[in-house]
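Here the structure comes first, spelled out in structure tokens, and everything after it is commentary.
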Amino acid sequence: MTFETRITRSPRSYEPERATEARAALPDLPGATAEVIAGAAGSAPYLHGLLLKEAAWLPEALDDPEAALAADISRIEALPFDQIDTGLRQAKRRVALLAGLCDLGGVWTLSEVTGALSLLADRATHVALRAHVAREIRKGKIPGQTEDDIEACGGMFALAMGKHGAGELNYSSDIDLICLFDEERFEGIDRMEARAGFIRATRRAMAALSDLTAEGYVFRTDLRLRPDPSVTPVCFAMEAAERYYESVGRTWERAAYIKARACAGDLDAGGRFLKGMMPFVWRKHLDFNAIRETHDMRLKIRAHKGLGGALKLEGHNMKLGFGGIREIEFFAQTRQLIAGGRDPDLRLRGTVPALAMLAQKGWVEADVADQLSRDYEAHREVEHRLQMLRDQQTHSLPTAPEEFDRLAALMGTTVAAMRAEIAERCERVNALTEDFFAPGEAAPTPELSPEQAEVTARWSTYPCLRTARAQEIFERLKPELLTRIQRLDKPEEALSHLDGFLRGLPAGVQLFALFEANPQLIDLILDIVSTAPHLARYLSRNAQVLDAVIGGRFFASWPGREGLIALLDTHLEEAGDYERQLDTCRRWAKEWHFRVGVHQLRDLITADEAGAQYCDIAAACVAALYPQVVAEFARKHGPPPGRGAMVLGMGSLGAGRLTAASDLDMIVIYDAAGVDMSEGRKPLQSRSYYARLTQALITAMTTQTAEGRLYEVDMRLRPSGKQGPVATSLESFMSYQREEAWVWEHLALTRGRALAGDPELMRAVEDFRADLIAGPRDEARIRQETTEMRARLAEAKPGSDWDPKNGPGRMMDIELLAETAALLAGSAEQDIYAQLGAGRAAQWLTGDEYALLVETYRLMWRLQSAARLLTGEALDPEAVGAGGRGFLMRSNGAVSMAALSEELKSRAAASAMAITAVLARPLPGA
């Protein structure tokens, strides 16, 4: 479509004589186009000059602006060396003129205007760098590089930063570049010689772009965003830049890299560098400390530029001033820094797309994001017109009345309307952004008792408050914390628990910043520390799990085991190398563990649901991590010989119910299918291969990494226990179970569940397990040996009044009977309740006995689950405090701890009697 058919607006002329001159130079243009050109020439002296210089080219360009842009970009790509300076400047005139007219006439959107300018900057930078690197290569100054390396600039590249990187270049903007080279292309002294060649090429390329000649200039270039620009050369090695950012990189540099992209030279090397920068830019935890650091940076900029104080339109800086463009950019970038490490969807370069995604993800209210986006685009249009006037890199409104008239004419409006709109927008932007950055006044600290004051006095000695930054944030936070504690039923006890939490916290800045930005978390933390000391200790060691409360769907429906596996698979794929995968799996599991604990503590799920969810998390970790372990092991020793291996979950893991502190019972079964050796760099005999693979899996689960331990693993339920190999062949496993296994091993197998590994082998093991359980059995022997086992357990672990697990009629006693019921009934069910149901269906248990055992087990499980959540140890009502006792009574519907104790004893006694009676009873028909 032509320019004429797409015009939606037009500027008016401030200087009619210039408009007349432009009309005369371009006499054959259609009416609406002529009006746009007259208004542009009559209001903006710079555009008037461009119109006269490019009068011969413009009419054809206006027939199809996009094609004209593409043609000029293609033209500069083919410029010979001696025509680069002149050719690039001509392209700049043409693209600037075309973009200016398309902007003023409403033919292009703001993003299309800035995109055209950014595209020119990309290709002009590449053409200039390529030409001057080629010169160095041809002179032999960049060792090892040939004609074939010229297009990729011999491994050198330029990063576009700021608005250039985002594709949002201003109409008369500097371009911010960082120039680096891939040092891996060179060795020893060659690297230093190459570095010198790249420095020369960079200086000459920047001069080709920025020197003002009779033809003008292309782009003013600024290389000062590179690391430590006062001492580093204009081009240096990727490795040196990476070391700098890893060691002393600052928040403003992280924010700058949100928009960074490789725009010229070796784009592959630039992409690798930016990928390596991701951990620096995008932190793995929510980074609310960025809010305060960004606020401090805003204040420093305002102070340095003298931009503080009330809004005054004369000379007002539309970029850095009150309610300006930078406020909106910081508003978006800071939220991106906070959450982008956890959510790659937020890693967008453009301000408006970033605001839209932040709204979609719930980090910004949708109406706020929409309003800021509209205000941002309107601010940018004013900025562009300011720069169109005289090709000045200015962001400041005029100071003289006649210049306000000129600007209003270029914008096609009146001075009064323009001033009112700009003032209204600035006030609105400030109102929407200022509260986010500037912390409010700290509330007064409530009056404390001498005992409470003694507790708070020692906080300054704790590791979490060792830095001035942590102390500063905490001093603002402390009054609110103490005020909320004073409102609790037992403030002294709550303060004591909070004290324990702070004492165990290794660092505080990020967590305190998180609380300051999200005050609703204070109630959650106080609820946890006053109710569940074990969960509080866990939280003090793993405070990053609170990220999930803010940044994830913390209170959404449970995704189920398959959903969890899919989520973890995605995280492990993004993690990259094996060590990062292990850390990622640990962080992921901690967050989901924490979610289950909080949901249980707040009565959002029952203990049975919590048990199943803890088990889902563990099973997902095994299922998602196992293929990664195999892949890592196979790199050295080759793929698994034969059909591979599978992991069989046993005990509580197989039964589908774990507590917050459970370890994992597992067996690894493999089928080498007659293959003697693996095929890899270091082949192994099949038996050794699977034994070492199993050990690698155990290490992956249990080793202490920077993110802690994933789970403790218990392999003692494998054939022959600790005396047998850690991995068992399928043939040996089946032979052992058929011919040698003890009754207790068949009972344990009733709870076996395939978790990970080769799908065919998983099905084969499950089919064998089901067939074995359903096969012939010595019913009298099973009942007799179960009775004897029960007696040994009662003697070895008699339990105590508040022990829900050990002792007659309690959890282990009921679990033993449930396994026996499943074995006698030939049922493959693994769940305790389902196994008891199989015993009832086989008429071994009466309906009343089934109901009694199910309800008793449910009570015992609630107490066991609560004990592990509250203290991580055996249940002691005195140790859990008032909050913990309240949770125990609430979750069990008890009116007092005494009543709950009485119910526990009476149910255990009734259950023990029922189990004794059932074990003495033959199966009907036996």
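We name chains A, B, ... following the order of the structure tokens; residues begin at 1 in each chain, and ligands are numbered from 1 as shown.
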
Q | Residue set, segment 11-119 of chain A restricted to alpha helix (DSSP H), as an MDAnalysis selection string | A | chainID A and resid 16:25 31:43 45:53 58:63 65:77 84:104 110:119

**Q.** Residues within 12 Å of segment 133-150 of chain A, only C-alpha atoms, excluding chain neighbours under 4 positions, as a ChimeraX atom specification
**A.** /A:80-82,125-129,154-157,181,183-205,264-266

Can you write just those residues out, N, CA and C atoms, as a CSV table (one decimal), in the first residue's frame?
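Once written, again22.csv looks like this:
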```csv
chain,number,residue,atom,x,y,z
A,80,PRO,N,31.0,-1.1,-1.6
A,80,PRO,CA,32.5,-1.3,-1.6
A,80,PRO,C,33.1,-0.4,-0.5
A,81,PHE,N,34.3,-0.8,-0.1
A,81,PHE,CA,34.9,-0.2,1.0
A,81,PHE,C,35.0,1.3,0.9
A,82,ASP,N,35.4,1.8,-0.3
A,82,ASP,CA,35.7,3.2,-0.4
A,82,ASP,C,34.4,4.1,-0.5
A,125,THR,N,26.0,-0.9,11.5
A,125,THR,CA,27.1,-1.3,12.4
A,125,THR,C,27.8,-2.5,11.8
A,126,HIS,N,27.0,-3.5,11.3
A,126,HIS,CA,27.6,-4.7,10.7
A,126,HIS,C,28.5,-4.3,9.5
A,127,VAL,N,28.0,-3.5,8.6
A,127,VAL,CA,28.7,-3.1,7.4
A,127,VAL,C,30.0,-2.4,7.8
A,128,ALA,N,30.0,-1.5,8.8
A,128,ALA,CA,31.2,-0.8,9.2
A,128,ALA,C,32.2,-1.7,9.9
A,129,LEU,N,31.7,-2.6,10.8
A,129,LEU,CA,32.6,-3.5,11.5
A,129,LEU,C,33.2,-4.5,10.5
A,154,GLY,N,35.5,-12.3,11.9
A,154,GLY,CA,36.6,-13.0,12.6
A,154,GLY,C,36.4,-13.3,14.0
A,155,GLY,N,35.1,-13.5,14.4
A,155,GLY,CA,34.7,-13.8,15.8
A,155,GLY,C,34.4,-12.6,16.6
A,156,MET,N,34.4,-11.4,16.1
A,156,MET,CA,34.1,-10.2,16.8
A,156,MET,C,32.6,-9.9,16.6
A,157,PHE,N,32.0,-9.3,17.6
A,157,PHE,CA,30.6,-9.0,17.5
A,157,PHE,C,30.3,-7.8,18.4
A,181,PHE,N,35.1,-10.0,21.4
A,181,PHE,CA,35.5,-11.1,20.5
A,181,PHE,C,35.6,-12.4,21.1
A,183,GLU,N,37.5,-15.2,22.1
A,183,GLU,CA,38.9,-15.5,22.3
A,183,GLU,C,39.3,-17.0,22.1
A,184,GLU,N,38.3,-17.9,22.0
A,184,GLU,CA,38.6,-19.3,21.8
A,184,GLU,C,39.1,-19.5,20.4
A,185,ARG,N,38.9,-18.6,19.5
A,185,ARG,CA,39.5,-18.7,18.1
A,185,ARG,C,41.0,-18.6,18.1
A,186,PHE,N,41.6,-18.1,19.2
A,186,PHE,CA,43.0,-17.8,19.1
A,186,PHE,C,43.7,-18.4,20.4
A,187,GLU,N,45.0,-18.6,20.2
A,187,GLU,CA,45.8,-19.2,21.3
A,187,GLU,C,47.0,-18.3,21.5
A,188,GLY,N,47.4,-18.3,22.8
A,188,GLY,CA,48.6,-17.7,23.2
A,188,GLY,C,48.8,-16.3,22.7
A,189,ILE,N,49.9,-16.0,22.1
A,189,ILE,CA,50.3,-14.6,21.7
A,189,ILE,C,49.3,-14.2,20.5
A,190,ASP,N,48.8,-15.1,19.8
A,190,ASP,CA,47.8,-14.8,18.7
A,190,ASP,C,46.6,-14.0,19.3
A,191,ARG,N,46.2,-14.4,20.5
A,191,ARG,CA,45.1,-13.8,21.1
A,191,ARG,C,45.3,-12.3,21.3
A,192,MET,N,46.5,-11.9,21.8
A,192,MET,CA,46.8,-10.5,22.0
A,192,MET,C,46.9,-9.7,20.7
A,193,GLU,N,47.5,-10.4,19.7
A,193,GLU,CA,47.6,-9.7,18.4
A,193,GLU,C,46.2,-9.5,17.8
A,194,ALA,N,45.3,-10.5,18.0
A,194,ALA,CA,43.9,-10.4,17.5
A,194,ALA,C,43.2,-9.3,18.2
A,195,ARG,N,43.4,-9.2,19.5
A,195,ARG,CA,42.8,-8.2,20.3
A,195,ARG,C,43.2,-6.8,19.8
A,196,ALA,N,44.5,-6.6,19.5
A,196,ALA,CA,44.9,-5.3,19.0
A,196,ALA,C,44.2,-5.0,17.7
A,197,GLY,N,44.1,-6.0,16.8
A,197,GLY,CA,43.4,-5.8,15.5
A,197,GLY,C,42.0,-5.4,15.7
A,198,PHE,N,41.3,-6.1,16.6
A,198,PHE,CA,39.9,-5.8,16.8
A,198,PHE,C,39.7,-4.4,17.4
A,199,ILE,N,40.6,-4.0,18.2
A,199,ILE,CA,40.5,-2.6,18.8
A,199,ILE,C,40.6,-1.6,17.7
A,200,ARG,N,41.6,-1.8,16.8
A,200,ARG,CA,41.7,-0.9,15.7
A,200,ARG,C,40.5,-0.8,14.8
A,201,ALA,N,40.0,-2.0,14.5
A,201,ALA,CA,38.8,-2.1,13.7
A,201,ALA,C,37.6,-1.5,14.3
A,202,THR,N,37.5,-1.7,15.6
A,202,THR,CA,36.3,-1.1,16.4
A,202,THR,C,36.4,0.5,16.3
A,203,ARG,N,37.6,1.0,16.6
A,203,ARG,CA,37.7,2.5,16.6
A,203,ARG,C,37.4,3.0,15.2
A,204,ARG,N,37.9,2.4,14.2
A,204,ARG,CA,37.6,2.9,12.8
A,204,ARG,C,36.2,2.7,12.4
A,205,ALA,N,35.6,1.6,12.8
A,205,ALA,CA,34.2,1.4,12.5
A,205,ALA,C,33.3,2.4,13.2
A,264,ALA,N,25.6,-7.3,15.3
A,264,ALA,CA,26.5,-7.2,14.2
A,264,ALA,C,27.7,-8.1,14.4
A,265,GLY,N,28.4,-8.5,13.3
A,265,GLY,CA,29.5,-9.4,13.5
A,265,GLY,C,29.1,-10.8,13.6
A,266,ASP,N,29.8,-11.5,14.5
A,266,ASP,CA,29.6,-13.0,14.7
A,266,ASP,C,28.4,-13.2,15.6
```

(Q) With only C-alpha atoms as the counted atoms, please give the residues lying no more than 10 Å from Pro27 of chain A, apart from itself and same-chain residues fewer than 4 positions off, as a list in words. (A)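 That gives Glu21, Ala22, Arg23, Ala34, Ala55 and Pro59 of chain A.
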
Show which residues sit within 8 Å of Leu923 of chain A, as a tab-separated table (two decimals) with all heavy atoms, in the first residue's frame. Count only C-alpha atoms, and ignore same-chain residues fewer than 4 positions away.
```tsv
chain	number	residue	atom	x	y	z
A	779	GLU	N	-1.64	-70.16	53.01
A	779	GLU	CA	-2.39	-69.18	53.81
A	779	GLU	C	-2.08	-69.30	55.30
A	779	GLU	O	-1.84	-68.28	55.99
A	779	GLU	CB	-3.88	-69.36	53.55
A	779	GLU	CG	-4.76	-68.35	54.25
A	779	GLU	CD	-5.47	-68.96	55.47
A	779	GLU	OE1	-5.41	-70.19	55.62
A	779	GLU	OE2	-6.06	-68.18	56.24
A	824	LEU	N	-3.09	-62.42	50.89
A	824	LEU	CA	-4.04	-63.53	51.00
A	824	LEU	C	-5.16	-63.41	49.98
A	824	LEU	O	-5.66	-64.42	49.47
A	824	LEU	CB	-4.62	-63.58	52.41
A	824	LEU	CG	-3.65	-63.97	53.54
A	824	LEU	CD1	-4.35	-63.95	54.89
A	824	LEU	CD2	-3.05	-65.36	53.28
A	842	ALA	N	-12.59	-60.18	50.32
A	842	ALA	CA	-12.35	-61.63	50.42
A	842	ALA	C	-13.03	-62.22	51.65
A	842	ALA	O	-12.87	-63.42	51.93
A	842	ALA	CB	-10.85	-61.90	50.47
A	843	GLN	N	-13.74	-61.37	52.41
A	843	GLN	CA	-14.49	-61.77	53.62
A	843	GLN	C	-13.59	-62.25	54.75
A	843	GLN	O	-14.03	-62.96	55.65
A	843	GLN	CB	-15.52	-62.85	53.27
A	843	GLN	CG	-16.55	-62.38	52.27
A	843	GLN	CD	-17.60	-63.42	51.96
A	843	GLN	OE1	-17.42	-64.62	52.25
A	843	GLN	NE2	-18.70	-62.99	51.37
A	844	TRP	N	-12.32	-61.83	54.68
A	844	TRP	CA	-11.42	-62.13	55.80
A	844	TRP	C	-11.64	-61.11	56.91
A	844	TRP	O	-11.55	-61.44	58.09
A	844	TRP	CB	-9.98	-62.08	55.29
A	844	TRP	CG	-8.96	-62.62	56.27
A	844	TRP	CD1	-9.08	-63.75	57.03
A	844	TRP	CD2	-7.70	-62.04	56.59
A	844	TRP	NE1	-7.95	-63.92	57.80
A	844	TRP	CE2	-7.08	-62.88	57.55
A	844	TRP	CE3	-7.01	-60.91	56.15
A	844	TRP	CZ2	-5.82	-62.61	58.07
A	844	TRP	CZ3	-5.75	-60.66	56.67
A	844	TRP	CH2	-5.17	-61.50	57.63
```

Q. Using only C-alpha atoms, which residue out of A:Pro398, A:Pro479, A:Pro627, A:Gly321 lies closest to Asn430 of chain A?
A. A:Gly321

Q: Grab the atom CA of Phe512 of chain A to atom CA of Leu535 of chain A distance for me, in Å with one decimal place.
A: 18.4 Å

Q.
Set the distance at 6 Å and use only C-alpha atoms: which residues neighbour segment 378-384 of chain A once local chain neighbours fewer than 3 positions away are removed? I'd like the list as a VMD selection string.
A. chain A and resid 171 375 387 395

(Q) So that I can check the surroundings of Ala764 of chain A, please list as a list in words every protein, DNA and RNA residue that reaches within 12 Å of it, counting only C-alpha atoms and ignoring chain neighbours fewer than 2 positions away. (A)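 Non-adjacent residues within range: Arg643, Ala645, Met646, Leu648, Ile669, Tyr670, Asp671, Leu730, Glu731, Phe733, Met734, Arg753, Ala754, Gly757, Asp758, Pro759, Glu760, Leu761, Met762, Glu766, Asp767, Phe768, Arg769, Ala770 and Asp771 of chain A.
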
Output C-alpha atoms of each residue in that selection to a file, as a tab-separated table (two decimals), in the first residue's frame.
```tsv
chain	number	residue	atom	x	y	z
A	643	ARG	CA	16.47	-53.50	27.84
A	645	ALA	CA	16.63	-50.83	34.09
A	646	MET	CA	13.65	-49.68	36.12
A	648	LEU	CA	10.60	-50.01	41.87
A	669	ILE	CA	15.91	-54.08	38.50
A	670	TYR	CA	17.63	-54.44	35.13
A	671	ASP	CA	17.43	-56.73	32.11
A	730	LEU	CA	15.13	-59.31	36.26
A	731	GLU	CA	15.86	-63.03	36.05
A	733	PHE	CA	14.65	-60.98	40.97
A	734	MET	CA	11.93	-63.28	39.66
A	753	ARG	CA	5.21	-49.60	42.43
A	754	ALA	CA	7.09	-48.95	39.18
A	757	GLY	CA	12.94	-46.62	33.68
A	758	ASP	CA	12.31	-48.58	30.53
A	759	PRO	CA	8.51	-48.70	30.01
A	760	GLU	CA	8.55	-52.31	28.79
A	761	LEU	CA	10.56	-53.43	31.76
A	762	MET	CA	8.33	-51.48	34.13
A	766	GLU	CA	4.47	-55.01	37.49
A	767	ASP	CA	2.95	-57.99	35.66
A	768	PHE	CA	5.28	-60.35	37.54
A	769	ARG	CA	4.44	-58.70	40.86
A	770	ALA	CA	0.71	-58.99	40.24
A	771	ASP	CA	1.01	-62.62	39.10
```
